[in-house]
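Peer 1: Input target.json, format and content: JSON, C-alpha atoms.
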[["chain", "number", "residue", "atom", "x", "y", "z"],
["A", 111, "SER", "CA", 38.33, 51.26, -4.02],
["A", 112, "GLU", "CA", 35.89, 49.47, -6.32],
["A", 113, "VAL", "CA", 38.87, 47.49, -7.64],
["A", 114, "LEU", "CA", 40.89, 47.14, -4.45],
["A", 115, "PHE", "CA", 38.02, 46.13, -2.17],
["A", 116, "ALA", "CA", 38.10, 42.76, -3.88],
["A", 117, "ASN", "CA", 41.48, 42.20, -2.15],
["A", 118, "SER", "CA", 41.35, 44.46, 0.88],
["A", 119, "ASP", "CA", 41.87, 43.84, 4.55],
["A", 120, "ALA", "CA", 39.66, 44.11, 7.55],
["A", 121, "CYS", "CA", 37.73, 46.94, 9.24],
["A", 122, "THR", "CA", 35.40, 46.73, 12.24],
["A", 123, "CYS", "CA", 32.46, 49.13, 12.77],
["A", 124, "ILE", "CA", 30.34, 49.61, 15.90],
["A", 125, "MET", "CA", 27.19, 51.72, 16.37],
["A", 126, "VAL", "CA", 25.75, 52.47, 19.82],
["A", 127, "PRO", "CA", 22.14, 53.73, 20.00],
["A", 128, "ALA", "CA", 20.95, 56.34, 22.49],
["A", 129, "GLU", "CA", 19.54, 53.63, 24.76],
["A", 130, "LEU", "CA", 23.10, 52.45, 25.47],
["A", 131, "GLY", "CA", 25.16, 55.59, 24.84],
["A", 132, "GLU", "CA", 26.71, 57.86, 27.46],
["A", 133, "GLY", "CA", 24.40, 60.76, 28.24],
["A", 134, "GLY", "CA", 21.77, 59.27, 25.94],
["A", 135, "ASN", "CA", 23.93, 60.17, 22.92],
["A", 136, "VAL", "CA", 24.45, 58.13, 19.74],
["A", 137, "PHE", "CA", 28.03, 56.93, 19.19],
["A", 138, "MET", "CA", 29.75, 55.11, 16.35],
["A", 139, "GLY", "CA", 33.30, 54.14, 15.51],
["A", 140, "GLN", "CA", 35.56, 51.96, 13.44],
["A", 141, "THR", "CA", 39.05, 50.79, 12.70],
["A", 142, "TRP", "CA", 40.33, 51.61, 9.21],
["A", 143, "ASP", "CA", 42.59, 48.79, 8.04],
["A", 144, "TRP", "CA", 44.46, 49.54, 4.84],
["A", 145, "LEU", "CA", 47.98, 49.74, 3.46],
["A", 146, "ALA", "CA", 50.41, 50.90, 6.15],
["A", 147, "LYS", "CA", 51.69, 53.75, 3.97],
["A", 148, "ALA", "CA", 48.18, 55.28, 3.93],
["A", 149, "ARG", "CA", 48.96, 56.91, 7.28],
["A", 150, "SER", "CA", 51.02, 59.52, 5.44],
["A", 151, "ASN", "CA", 48.13, 60.72, 3.29],
["A", 152, "SER", "CA", 45.16, 60.49, 5.67],
["A", 153, "VAL", "CA", 43.60, 63.86, 6.44],
["A", 154, "ILE", "CA", 40.80, 65.35, 8.55],
["A", 155, "LEU", "CA", 38.68, 67.83, 6.61],
["A", 156, "LYS", "CA", 36.19, 70.39, 7.88],
["A", 157, "VAL", "CA", 33.94, 71.29, 4.96],
["A", 158, "GLU", "CA", 31.78, 74.41, 4.91],
["A", 159, "GLN", "CA", 29.35, 74.64, 1.99],
["A", 160, "GLU", "CA", 26.49, 77.01, 1.28],
["A", 161, "GLY", "CA", 23.03, 75.50, 1.56],
["A", 162, "ARG", "CA", 24.31, 72.15, 2.80],
["A", 163, "PRO", "CA", 25.43, 70.72, 6.15],
["A", 164, "GLU", "CA", 28.87, 71.40, 7.55],
["A", 165, "ILE", "CA", 30.98, 68.22, 7.43],
["A", 166, "LEU", "CA", 33.83, 66.81, 9.50],
["A", 167, "MET", "CA", 35.36, 63.79, 7.75],
["A", 168, "VAL", "CA", 38.43, 61.59, 7.49],
["A", 169, "CYS", "CA", 39.69, 60.48, 4.08],
["A", 170, "GLU", "CA", 42.77, 60.05, 1.93],
["A", 171, "ALA", "CA", 43.99, 63.38, 0.57],
["A", 172, "GLY", "CA", 42.25, 64.34, -2.66],
["A", 173, "LEU", "CA", 38.97, 62.50, -2.06],
["A", 174, "VAL", "CA", 35.66, 64.37, -1.85],
["A", 175, "GLY", "CA", 33.97, 61.84, 0.43],
["A", 176, "GLY", "CA", 34.97, 59.97, 3.54],
["A", 177, "LYS", "CA", 33.97, 58.67, 6.94],
["A", 178, "GLY", "CA", 32.63, 61.33, 9.28],
["A", 179, "LEU", "CA", 29.66, 63.32, 10.52],
["A", 180, "ASN", "CA", 27.72, 66.47, 9.70],
["A", 181, "SER", "CA", 25.97, 69.36, 11.41],
["A", 182, "GLU", "CA", 22.56, 67.75, 10.83],
["A", 183, "GLY", "CA", 23.45, 64.88, 13.15],
["A", 184, "LEU", "CA", 24.32, 62.19, 10.61],
["A", 185, "GLY", "CA", 27.43, 60.01, 10.69],
["A", 186, "VAL", "CA", 28.81, 57.37, 8.33],
["A", 187, "CYS", "CA", 31.44, 54.62, 8.66],
["A", 188, "LEU", "CA", 32.57, 52.09, 6.04],
["A", 189, "ASN", "CA", 33.24, 48.36, 5.76],
["A", 190, "ALA", "CA", 34.89, 46.77, 2.75],
["A", 191, "ALA", "CA", 32.84, 43.97, 1.17],
["A", 192, "SER", "CA", 32.77, 42.49, -2.31],
["A", 193, "VAL", "CA", 30.66, 40.45, -4.72],
["A", 194, "GLY", "CA", 33.61, 40.29, -7.10],
["A", 195, "LYS", "CA", 32.25, 42.50, -9.86],
["A", 196, "GLY", "CA", 31.36, 46.10, -10.68],
["A", 197, "LYS", "CA", 29.68, 48.22, -13.31],
["A", 198, "ILE", "CA", 29.56, 51.81, -14.52],
["A", 199, "GLY", "CA", 28.03, 53.81, -11.68],
["A", 200, "MET", "CA", 28.64, 56.03, -8.68],
["A", 201, "PRO", "CA", 31.83, 55.30, -6.71],
["A", 202, "LEU", "CA", 31.39, 54.72, -3.01],
["A", 203, "HIS", "CA", 33.27, 57.89, -1.99],
["A", 204, "LEU", "CA", 30.73, 60.00, -3.85],
["A", 205, "MET", "CA", 27.92, 58.12, -2.13],
["A", 206, "MET", "CA", 29.58, 58.83, 1.23],
["A", 207, "ARG", "CA", 29.77, 62.54, 0.40],
["A", 208, "ASN", "CA", 26.08, 62.53, -0.55],
["A", 209, "ILE", "CA", 25.25, 60.80, 2.74],
["A", 210, "LEU", "CA", 27.05, 63.60, 4.58],
["A", 211, "ASN", "CA", 25.26, 66.18, 2.42],
["A", 212, "SER", "CA", 21.94, 64.81, 3.75],
["A", 213, "SER", "CA", 19.77, 66.19, 6.54],
["A", 214, "LEU", "CA", 17.66, 63.11, 7.33],
["A", 215, "PRO", "CA", 18.40, 59.37, 7.65],
["A", 216, "THR", "CA", 15.92, 58.74, 4.83],
["A", 217, "GLU", "CA", 17.86, 61.11, 2.55],
["A", 218, "ALA", "CA", 21.10, 59.37, 3.51],
["A", 219, "LEU", "CA", 19.59, 56.02, 2.55],
["A", 220, "LYS", "CA", 18.47, 57.37, -0.84],
["A", 221, "ALA", "CA", 22.09, 58.41, -1.49],
["A", 222, "VAL", "CA", 22.76, 54.66, -1.75],
["A", 223, "SER", "CA", 19.48, 53.11, -2.83],
["A", 224, "ALA", "CA", 18.44, 55.53, -5.57],
["A", 225, "VAL", "CA", 21.67, 55.63, -7.64],
["A", 226, "PRO", "CA", 23.48, 53.21, -9.96],
["A", 227, "ARG", "CA", 26.28, 51.82, -7.79],
["A", 228, "ALA", "CA", 29.72, 51.06, -9.22],
["A", 229, "GLY", "CA", 30.83, 48.59, -6.58],
["A", 230, "SER", "CA", 30.20, 46.95, -3.24],
["A", 231, "GLY", "CA", 30.52, 47.81, 0.43],
["A", 232, "VAL", "CA", 28.69, 48.54, 3.66],
["A", 233, "PHE", "CA", 27.80, 51.99, 4.97],
["A", 234, "ASN", "CA", 27.08, 52.20, 8.68],
["A", 235, "ILE", "CA", 24.82, 55.25, 9.08],
["A", 236, "ALA", "CA", 23.75, 56.70, 12.44],
["A", 237, "SER", "CA", 21.73, 59.79, 13.35],
["A", 238, "ARG", "CA", 21.13, 61.85, 16.46],
["A", 239, "SER", "CA", 17.45, 61.07, 15.90],
["A", 240, "ASN", "CA", 18.54, 57.55, 16.99],
["A", 241, "TYR", "CA", 18.22, 55.60, 13.76],
["A", 242, "GLU", "CA", 21.17, 53.27, 13.15],
["A", 243, "MET", "CA", 21.43, 51.43, 9.83],
["A", 244, "GLN", "CA", 23.83, 48.96, 8.25],
["A", 245, "VAL", "CA", 23.36, 49.61, 4.52],
["A", 246, "GLU", "CA", 24.84, 46.70, 2.59],
["A", 247, "PHE", "CA", 25.14, 47.19, -1.16],
["A", 248, "SER", "CA", 26.44, 45.73, -4.39],
["A", 249, "PRO", "CA", 26.07, 46.98, -7.96],
["A", 250, "ASP", "CA", 22.80, 45.06, -8.29],
["A", 251, "ALA", "CA", 21.23, 45.08, -4.82],
["A", 252, "PHE", "CA", 21.08, 46.73, -1.41],
["A", 253, "ASP", "CA", 19.60, 45.85, 1.96],
["A", 254, "VAL", "CA", 19.22, 47.59, 5.32],
["A", 255, "ILE", "CA", 19.66, 46.17, 8.82],
["A", 256, "MET", "CA", 18.44, 48.51, 11.58],
["A", 257, "SER", "CA", 18.98, 48.63, 15.32],
["A", 258, "LYS", "CA", 16.00, 48.00, 17.60],
["A", 259, "GLY", "CA", 17.85, 49.47, 20.55],
["A", 260, "GLU", "CA", 20.86, 47.14, 20.50],
["A", 261, "ALA", "CA", 24.41, 48.00, 19.45],
["A", 262, "LEU", "CA", 25.26, 47.00, 15.88],
["A", 263, "VAL", "CA", 28.60, 45.55, 14.76],
["A", 264, "HIS", "CA", 29.76, 44.99, 11.19],
["A", 265, "THR", "CA", 32.95, 43.55, 9.73],
["A", 266, "ASN", "CA", 33.65, 42.35, 6.17],
["A", 267, "HIS", "CA", 30.97, 39.84, 5.24],
["A", 268, "TYR", "CA", 27.39, 40.49, 4.22],
["A", 269, "LEU", "CA", 24.74, 39.81, 6.85],
["A", 270, "SER", "CA", 21.75, 40.20, 4.54],
["A", 271, "ALA", "CA", 20.39, 36.98, 3.07],
["A", 272, "LEU", "CA", 19.73, 38.98, -0.09],
["A", 273, "ILE", "CA", 23.43, 39.61, -0.87],
["A", 274, "ALA", "CA", 25.31, 37.06, 1.25],
["A", 275, "PRO", "CA", 25.14, 34.24, -1.33],
["A", 276, "LYS", "CA", 27.23, 36.37, -3.73],
["A", 277, "ASP", "CA", 29.86, 37.38, -1.13],
["A", 278, "VAL", "CA", 33.45, 36.67, -2.27],
["A", 279, "ALA", "CA", 35.51, 38.59, 0.31],
["A", 280, "LYS", "CA", 34.51, 36.29, 3.19],
["A", 281, "SER", "CA", 36.55, 33.46, 1.70],
["A", 282, "PHE", "CA", 39.89, 35.22, 2.21],
["A", 283, "ILE", "CA", 39.15, 37.63, 5.11],
["A", 284, "SER", "CA", 38.49, 34.89, 7.65],
["A", 285, "SER", "CA", 38.90, 37.26, 10.60],
["A", 286, "THR", "CA", 35.62, 38.92, 9.58],
["A", 287, "TYR", "CA", 33.80, 36.22, 11.56],
["A", 288, "THR", "CA", 36.00, 36.21, 14.66],
["A", 289, "ARG", "CA", 36.08, 40.00, 14.92],
["A", 290, "LEU", "CA", 32.30, 40.24, 14.63],
["A", 291, "ASN", "CA", 31.71, 37.56, 17.23],
["A", 292, "GLY", "CA", 34.40, 38.86, 19.58],
["A", 293, "VAL", "CA", 33.10, 42.44, 19.63],
["A", 294, "GLN", "CA", 29.50, 41.26, 20.06],
["A", 295, "ARG", "CA", 30.53, 39.15, 23.05],
["A", 296, "GLN", "CA", 32.44, 42.02, 24.64],
["A", 297, "LEU", "CA", 29.50, 44.38, 24.13],
["A", 298, "SER", "CA", 27.21, 41.93, 25.89],
["A", 299, "LYS", "CA", 29.49, 42.03, 28.96],
["A", 300, "MET", "CA", 29.85, 45.81, 29.16],
["A", 301, "LYS", "CA", 28.04, 47.38, 32.09],
["A", 302, "GLY", "CA", 26.81, 50.95, 32.08],
["A", 303, "PRO", "CA", 26.59, 53.45, 29.23],
["A", 304, "ILE", "CA", 29.05, 53.18, 26.33],
["A", 305, "GLY", "CA", 30.92, 56.24, 25.10],
["A", 306, "MET", "CA", 34.19, 57.27, 23.52],
["A", 307, "LYS", "CA", 36.47, 55.42, 25.95],
["A", 308, "GLY", "CA", 34.46, 52.22, 25.75],
["A", 309, "LEU", "CA", 34.50, 52.21, 21.97],
["A", 310, "PHE", "CA", 38.24, 52.85, 21.76],
["A", 311, "ARG", "CA", 38.74, 49.99, 24.22],
["A", 312, "LEU", "CA", 36.77, 47.68, 21.90],
["A", 313, "LEU", "CA", 38.65, 48.93, 18.83],
["A", 314, "SER", "CA", 42.00, 48.34, 20.59],
["A", 315, "ASP", "CA", 41.33, 44.63, 21.21],
["A", 316, "HIS", "CA", 44.18, 42.21, 20.41],
["A", 317, "GLU", "CA", 42.40, 38.86, 20.70],
["A", 318, "LEU", "CA", 43.74, 36.49, 17.97],
["A", 319, "TYR", "CA", 46.62, 38.92, 17.30],
["A", 320, "PRO", "CA", 47.75, 39.87, 14.68],
["A", 321, "GLU", "CA", 44.40, 39.25, 12.96],
["A", 322, "SER", "CA", 42.61, 41.15, 15.71],
["A", 323, "VAL", "CA", 40.34, 44.19, 15.73],
["A", 324, "CYS", "CA", 43.43, 46.34, 16.29],
["A", 325, "TYR", "CA", 45.35, 44.85, 13.39],
["A", 326, "HIS", "CA", 49.15, 45.20, 13.51],
["A", 327, "GLU", "CA", 51.41, 44.59, 10.54],
["A", 328, "ASP", "CA", 51.98, 40.87, 10.11],
["A", 329, "PRO", "CA", 55.67, 40.07, 9.52],
["A", 330, "ARG", "CA", 54.57, 36.87, 7.78],
["A", 331, "GLN", "CA", 53.06, 38.93, 4.95],
["A", 332, "SER", "CA", 55.19, 39.60, 1.90],
["A", 333, "GLY", "CA", 54.93, 42.72, -0.22],
["A", 334, "GLU", "CA", 52.52, 45.49, 0.80],
["A", 335, "ARG", "CA", 51.42, 45.09, 4.41],
["A", 336, "TYR", "CA", 48.06, 46.00, 5.87],
["A", 337, "CYS", "CA", 47.39, 47.33, 9.36],
["A", 338, "THR", "CA", 45.01, 49.51, 11.33],
["A", 339, "VAL", "CA", 45.87, 52.90, 9.83],
["A", 340, "TYR", "CA", 43.73, 54.62, 12.48],
["A", 341, "ALA", "CA", 40.63, 54.16, 14.57],
["A", 342, "MET", "CA", 37.93, 56.81, 14.87],
["A", 343, "VAL", "CA", 34.99, 57.34, 17.21],
["A", 344, "MET", "CA", 32.17, 59.86, 16.78],
["A", 345, "ASP", "CA", 29.57, 61.32, 19.11],
["A", 346, "VAL", "CA", 26.94, 61.82, 16.41],
["A", 347, "THR", "CA", 24.62, 63.67, 18.77],
["A", 348, "SER", "CA", 27.17, 66.31, 19.81],
["A", 349, "GLY", "CA", 29.20, 66.51, 16.59],
["A", 350, "ILE", "CA", 32.55, 65.34, 18.01],
["A", 351, "LEU", "CA", 35.12, 63.15, 16.24],
["A", 352, "TRP", "CA", 38.09, 61.46, 17.90],
["A", 353, "ILE", "CA", 40.86, 59.76, 15.90],
["A", 354, "SER", "CA", 43.99, 57.83, 16.82],
["A", 355, "ALA", "CA", 47.40, 58.67, 15.41],
["A", 356, "GLY", "CA", 48.14, 55.11, 14.31],
["A", 357, "TYR", "CA", 47.15, 52.06, 16.34],
["A", 358, "PRO", "CA", 44.32, 52.86, 18.79],
["A", 359, "CYS", "CA", 45.99, 50.69, 21.45],
["A", 360, "GLU", "CA", 48.76, 53.30, 21.70],
["A", 361, "GLY", "CA", 46.27, 55.85, 23.08],
["A", 362, "LYS", "CA", 47.32, 58.85, 20.96],
["A", 363, "ILE", "CA", 43.85, 60.35, 20.45],
["A", 364, "SER", "CA", 42.97, 63.77, 18.98],
["A", 365, "GLU", "CA", 39.57, 65.49, 19.19],
["A", 366, "TYR", "CA", 37.81, 67.53, 16.49],
["A", 367, "ARG", "CA", 34.46, 69.33, 16.74],
["A", 368, "LEU", "CA", 31.96, 70.80, 14.34]]
Could I get this file's structure written as structure tokens?
Peer 2:
Amino acid sequence: SEVLFANSDACTCIMVPAELGEGGNVFMGQTWDWLAKARSNSVILKVEQEGRPEILMVCEAGLVGGKGLNSEGLGVCLNAASVGKGKIGMPLHLMMRNILNSSLPTEALKAVSAVPRAGSGVFNIASRSNYEMQVEFSPDAFDVIMSKGEALVHTNHYLSALIAPKDVAKSFISSTYTRLNGVQRQLSKMKGPIGMKGLFRLLSDHELYPESVCYHEDPRQSGERYCTVYAMVMDVTSGILWISAGYPCEGKISEYRL
């Protein structure tokens, strides 16, 4: 991923704090846009480990870290981002596993801030203690944007003034701006608490198709085609994960619980 994220496609992440979540719960979700053939090797793992939290995560088969949640009430999602360089350090999948091995949001943050990082990206970290953080990182820097009670949205460009000047992915993933703005506008119009159904509705949006939040294969592309491999939503408070079998707009949703 440290190599491929310099040329990857577009994911959209949303975090909903307890103030806005159904039942006062914390929710988060994302689309995972990647090579279409990745659907055949995506797996859901339930990890039981002595002395550490139980984990429910989604990843490509063979990886030790992925997007998911744990029994301590922590969840993590991922956005691709790039500053166009890397160095010897910890790959992002190992950082994700260490986030899910954590018991507190502060420990999860240290899993990113306190290690030499090989590449770039954005971890969206939420907790049932109602701390929501967008942790943007590169090999040389990191920054944290936290919710003050509002929903947070992240796509594929850096929001932090610390790292944004070195962003290279924004120049060729132009939909990063329209997806961010579109989801933020829709969130502002939503009435009542937001839960699983509301998040899947946002992640199924087709505005500016095919370069929409729910990203279908573009017949204009040559070679390997990208698309929304799946969308996932998590109730971090209750330890529930929902995932679509393919495009979220098709409504084929499965539920998994810790």
Peer 1: Which is closest to Phe137 (chain A) among A:Leu309, A:Val263, A:Val168, A:Ile273, if we use all atoms listed in the file?
Peer 2: A:Leu309
Peer 1: Mind pulling up the distance from CA of Trp144 (chain A) to CA of Ile283 (chain A)?
Peer 2: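 Taking CA of Ile283 (chain A) as the start and CA of Trp144 (chain A) as the end point, the length is 13.0 Å.
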Peer 1: Using all atoms listed in the file, find the one residue out of A:Lys307, A:His264, A:Lys147, A:Lys195 that sits nearest to Ser230 (chain A).
Peer 2: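 So, comparing all the options, the nearest one is A:Lys195.
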Peer 1: Check the smallest atom-to-atom distance from each of A:Leu318, A:Met200, A:Leu188, A:Leu179 to Trp352 (chain A) using all atoms listed in the file, then report the winner.
Peer 2: A:Leu179
Peer 1: Measuring between all atoms listed in the file, which one of A:Ser257, A:Val343, A:Asp328, A:Glu246 shows the shortest distance to Ala271 (chain A)?
Peer 2: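 Closest residue, counting all atoms listed in the file: A:Glu246.
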Peer 1: Pick from A:Gly356, A:Gly199, A:Pro329, A:Gly139: nearest to Lys177 (chain A), with all atoms listed in the file counted?
Peer 2: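 Checking each candidate against Lys177 (chain A), we get A:Gly139 as the closest.
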Peer 1: Give me the residues within 10 Å of Val245 (chain A) as number ranges by chain, counting all atoms listed in the file and dropping any in the same chain fewer than 5 places off.
Peer 2: A: 188, 219, 222-223, 231-235, 252-256, 268, 270
Peer 1: Between CA of Leu313 (chain A) and CA of Glu327 (chain A), what is the spacing in Å?
Peer 2: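 Taking CA of Glu327 (chain A) as the start and CA of Leu313 (chain A) as the end point, the length is 15.8 Å.
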Peer 1: Would you work out the distance separating CA of Glu365 (chain A) from CA of Leu351 (chain A), expressed in Å to one decimal?
Peer 2: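 Separation of CA of Glu365 (chain A) and CA of Leu351 (chain A): 5.8 Å.
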Peer 1: Name all residues at most 7 Å from Ser354 (chain A) (count all atoms listed in the file; drop same-chain ones fewer than 6 positions away) and give them as a list in words.
Peer 2: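 The filter keeps Tyr340, Ala341, Met342, Gly361, Lys362, Ile363 and Ser364 of chain A.
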Peer 1: When distances are computed from only C-alpha atoms, which of A:Ala274, A:Val323, A:Ile209, A:Val339 shows the smallest separation from Leu145 (chain A)?
Peer 2: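 Closest residue, counting only C-alpha atoms: A:Val339.
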Peer 1: Residues within 12 Å of Gly349 (chain A), please, as a PyMOL selection string. Count all atoms listed in the file; anything in the same chain fewer than 2 positions from it doesn't count.
Peer 2: chain A and resi 135-138+156+163-167+178-185+236-238+343-347+351-352+365-368
Peer 1: Show me, as a ChimeraX atom specification, the residues that have an atom within 12 Å of Ile304 (chain A) when counting all atoms listed in the file, minus same-chain residues fewer than 4 positions from it.
Peer 2: /A:124-139,260-261,296-300,308-312,343,345
